[in-house]
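Engineer: This structure is in structure tokens; I'll ask about it shortly.
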Amino acid sequence: LSVSHRNEPLKLEVWNPSSRKTIRKNWVLLMPGLGGDRNHFNWLARSLSHNGWPVVVLDHPGSDSLALEELVKGRLPLPGAEVIPERLNDIDTVLKAKKTGKIDISSENLVLMGHSLGALTAFLATGLKIDNQLENRCQEVLDNLSLTNLSSLLQCQLLDITLSDRKGIENLSAIVGMNSFGSFLWQKDLDNPINVPIFFTGGTFDLVTPSIREQLGLLLAVSSSPLSRVLLIEGASHFSPIRVEGQMKQSEGKDLFNLGESIVGYHPLSVQSLLSFEIINFLEKLEEKKSIPSNTNQTKGELKFHILDRTIIEKLLKIQ
């Protein structure tokens with residue numbers, strides 16, 4: 001797509017269902033995180049489209065895998081929160097292209113889906129406003145040298161970024177955030193929570209966006225829907241959802257980095273299979289306006305996981 005806010009066209013993939021037997025009410029806009037690209041999420045787009053959902057996956061130039069490669073080679077600095085306004089413009093461009101028929105998708109209602117920074121961008125796209133205590137929270141955490149939440153650095157960078165006011169997104173049905181974050185931006189008892197269902201996924205081995213604060217705590221802050229849930233997978237990390245080249249044939253993938261178990265966490269392919277299954281389960285219930293059952297201490301193969309609702313999360317955080 002040709003865009004006015006970038007020097008080059010915006011690249012995206014459209015995954016239309018191979019079978020039209022199941023007509024879905026929703027379509028999915030899927031956004032990678034910082035340093036990610038659309039190829040990392042073919043596994044999820046393919047699974048969703050095979051189950052009837054049209055999916056659009058886009059790259060964000062300047063904060064994709066090419067930008068990360070330039071960083072490694074010493075040519076460019078690490079991208080940060082300054083890329084968010086352009087990412088929001090990318091979303092607007094795709095939604096306009098869908099509305100004008102440049103993207104051929106029949107479903108009308110939208111599910112925003114993203115990994116890490118892609119998930120954060122989805123929340124900002126709804127018009128959710130950052131509260132006025134961000135600077136105080138950032139000052140406190142940045143004074144603490146034993147930083148245990150790496151995503152807080154990027155969140156605090158938003159102090160220097162001007163975000164234009166947004167009216168929200170027409171026909172938004174839900175948000176799915178994999179390894180999402182935003183606990184410094186939105187605290188509990190938010191004045192303007194998001195009223196659509198939210199499905200967060202996270203892992204106990206996530207050192208970038210720790211699940212207790214960044215998924216469990218965030219659901220309490222931003223969601224007012226009783227259909228919202230958190231999928232917490234034991235042993236999964238921030239990078240478990242990223243499918244890299246060669247991952248199907250060997251235990252370690254061949255990408256910009258050679259991602260081993262110390263980074264990816266436990267059984268990434270099993271984690272991705274579980275993510276796919278539970279995201280599809282959430283989307284199916286969404287179209288029926290029903291909730292997926294909350295349940296702790298579930299197992300699938302070698303994985304142990306939990307599906308948590310607001311009541312369970314409130315009890316867990318009180319214990320913490």
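Letters A, B, ... go to the chains of the structure tokens in the order shown; residues in each chain start at 1; ligands are counted from 1 in the same order.
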Tell me which protein, DNA and RNA residues are within 12 Å of A:Arg6, counting only C-alpha atoms, leaving out same-chain ones fewer than 3 positions away, and put them as a list in words.
Structural biologist: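 With the cut-off at 12 Å, the set is Leu1, Ser2, Val3, Pro9, Leu10, Lys11, His60, Pro61, Gly62, Val83, Pro85, Glu86, Arg87, Asn89, Asp90 and Thr93 of chain A.
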Engineer: Select from stretch 32-168 of chain A everything DSSP, run on the backbone, classes as strand (DSSP E), then give the selection as a PyMOL selection string.
Structural biologist: chain A and resi 55-58+109-115
Engineer: Near A:Thr296, within 8 Å and counting only C-alpha atoms, which residues show up once chain neighbours fewer than 2 positions away are dropped, as a list of chain:residue names?
Structural biologist: A:Ser294, A:Gln298, A:Phe305, A:His306, A:Ile307, A:Leu308
Engineer: Do you know which residues are at most 8 Å from stretch 41-58 of chain A counting only C-alpha atoms, after dropping those on the same chain fewer than 5 positions away, and could you put them as a list of chain:residue names?
Structural biologist: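 Selected residues are A:Leu10, A:Lys11, A:Leu12, A:Glu13, A:Val14, A:Trp15, A:Asn16, A:Pro17, A:Ser18, A:Ser19, A:Arg20, A:Thr22, A:Ile23, A:Arg24, A:Asn26, A:Trp27, A:Val28, A:Leu29, A:Leu30, A:Met31, A:Pro32, A:Ile105, A:Ser107, A:Pro241, A:Ile242, A:Arg243, A:Gln272, A:Ser276, A:Ile280.
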Engineer: List the spatial neighbours of A:Pro210 as number ranges by chain - criterion: any atom at most 8 Å away, only C-alpha atoms, same-chain residues fewer than 6 positions off excluded.
Structural biologist: A: 149, 203-204
Engineer: Can I get the selection written as a PDB file, in the first residue's frame, with N, CA, C and O atoms?
Structural biologist:
```pdb
ATOM      1  N   ASN A 149      11.761  -5.212  34.899  1.00  0.00           N
ATOM      2  CA  ASN A 149      10.726  -5.141  33.868  1.00  0.00           C
ATOM      3  C   ASN A 149      11.277  -4.309  32.709  1.00  0.00           C
ATOM      4  O   ASN A 149      11.189  -3.083  32.707  1.00  0.00           O
ATOM      5  N   GLY A 203       3.786 -15.756  29.408  1.00  0.00           N
ATOM      6  CA  GLY A 203       4.521 -16.903  29.911  1.00  0.00           C
ATOM      7  C   GLY A 203       5.236 -16.584  31.204  1.00  0.00           C
ATOM      8  O   GLY A 203       5.613 -15.436  31.459  1.00  0.00           O
ATOM      9  N   THR A 204       5.441 -17.603  32.017  1.00  0.00           N
ATOM     10  CA  THR A 204       6.110 -17.397  33.308  1.00  0.00           C
ATOM     11  C   THR A 204       7.606 -17.151  33.149  1.00  0.00           C
ATOM     12  O   THR A 204       8.267 -16.749  34.100  1.00  0.00           O
TER      13      THR A 204
END
```
Engineer: Quick one: of A:Ile319, A:Ile212, A:Ile233, A:Ile175, who's nearest to A:Lys304, counting only C-alpha atoms?
Structural biologist: A:Ile233
Engineer: Excluding A:Ser270 and its own-chain neighbours fewer than 6 positions away, which residues fall within 10 Å of it when counting only C-alpha atoms? Please give them as number ranges by chain.
Structural biologist: A: 236, 240-241, 276, 300-303
Engineer: Please identify all polymer residues within 12 Å of A:Ser164, counting only C-alpha atoms, omitting same-chain residues fewer than 3 positions from it, and present them as a list in words.
Structural biologist: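 Near neighbours after the sequence-gap exclusion: Ile84, Pro85, Glu86, Leu88, Asn89, Leu124, Ala125, Thr126, Gly127, Leu128, Lys129, Ile130, Ile161, Lys167 and Gly168 of chain A.
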Engineer: Please return, as JSON, numbers by chain, all residues of stretch 146-296 of chain A that DSSP assigns to helix (DSSP H, G or I) on the basis of the backbone.
Structural biologist: {"A": [151, 152, 153, 154, 155, 156, 157, 158, 159, 160, 211, 212, 213, 214, 215, 216, 217, 218, 219, 220, 221, 222, 261, 262, 263, 264, 268, 269, 270, 271, 272, 273, 274, 275, 276, 277, 278, 279, 280, 281, 282, 283, 284, 285, 286, 287]}
Engineer: What is the distance, in Å and to one decimal place, between atom CA of A:Thr100 and atom CA of A:Glu170?
Structural biologist: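 Separation of atom CA of A:Thr100 and atom CA of A:Glu170: 14.1 Å.
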Engineer: Check the smallest atom-to-atom distance from each of A:Ile169, A:Leu232, A:Leu207, A:Val94 to A:Leu150 using only C-alpha atoms, then report the winner.
Structural biologist: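 Residue with the minimum atom-to-atom distance to A:Leu150: A:Leu207.
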Engineer: Rounded to one decimal, what separation in Å do you get between atom CA of A:Pro293 and atom CA of A:Ile279?
Structural biologist: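 These two atoms are separated by 13.1 Å.
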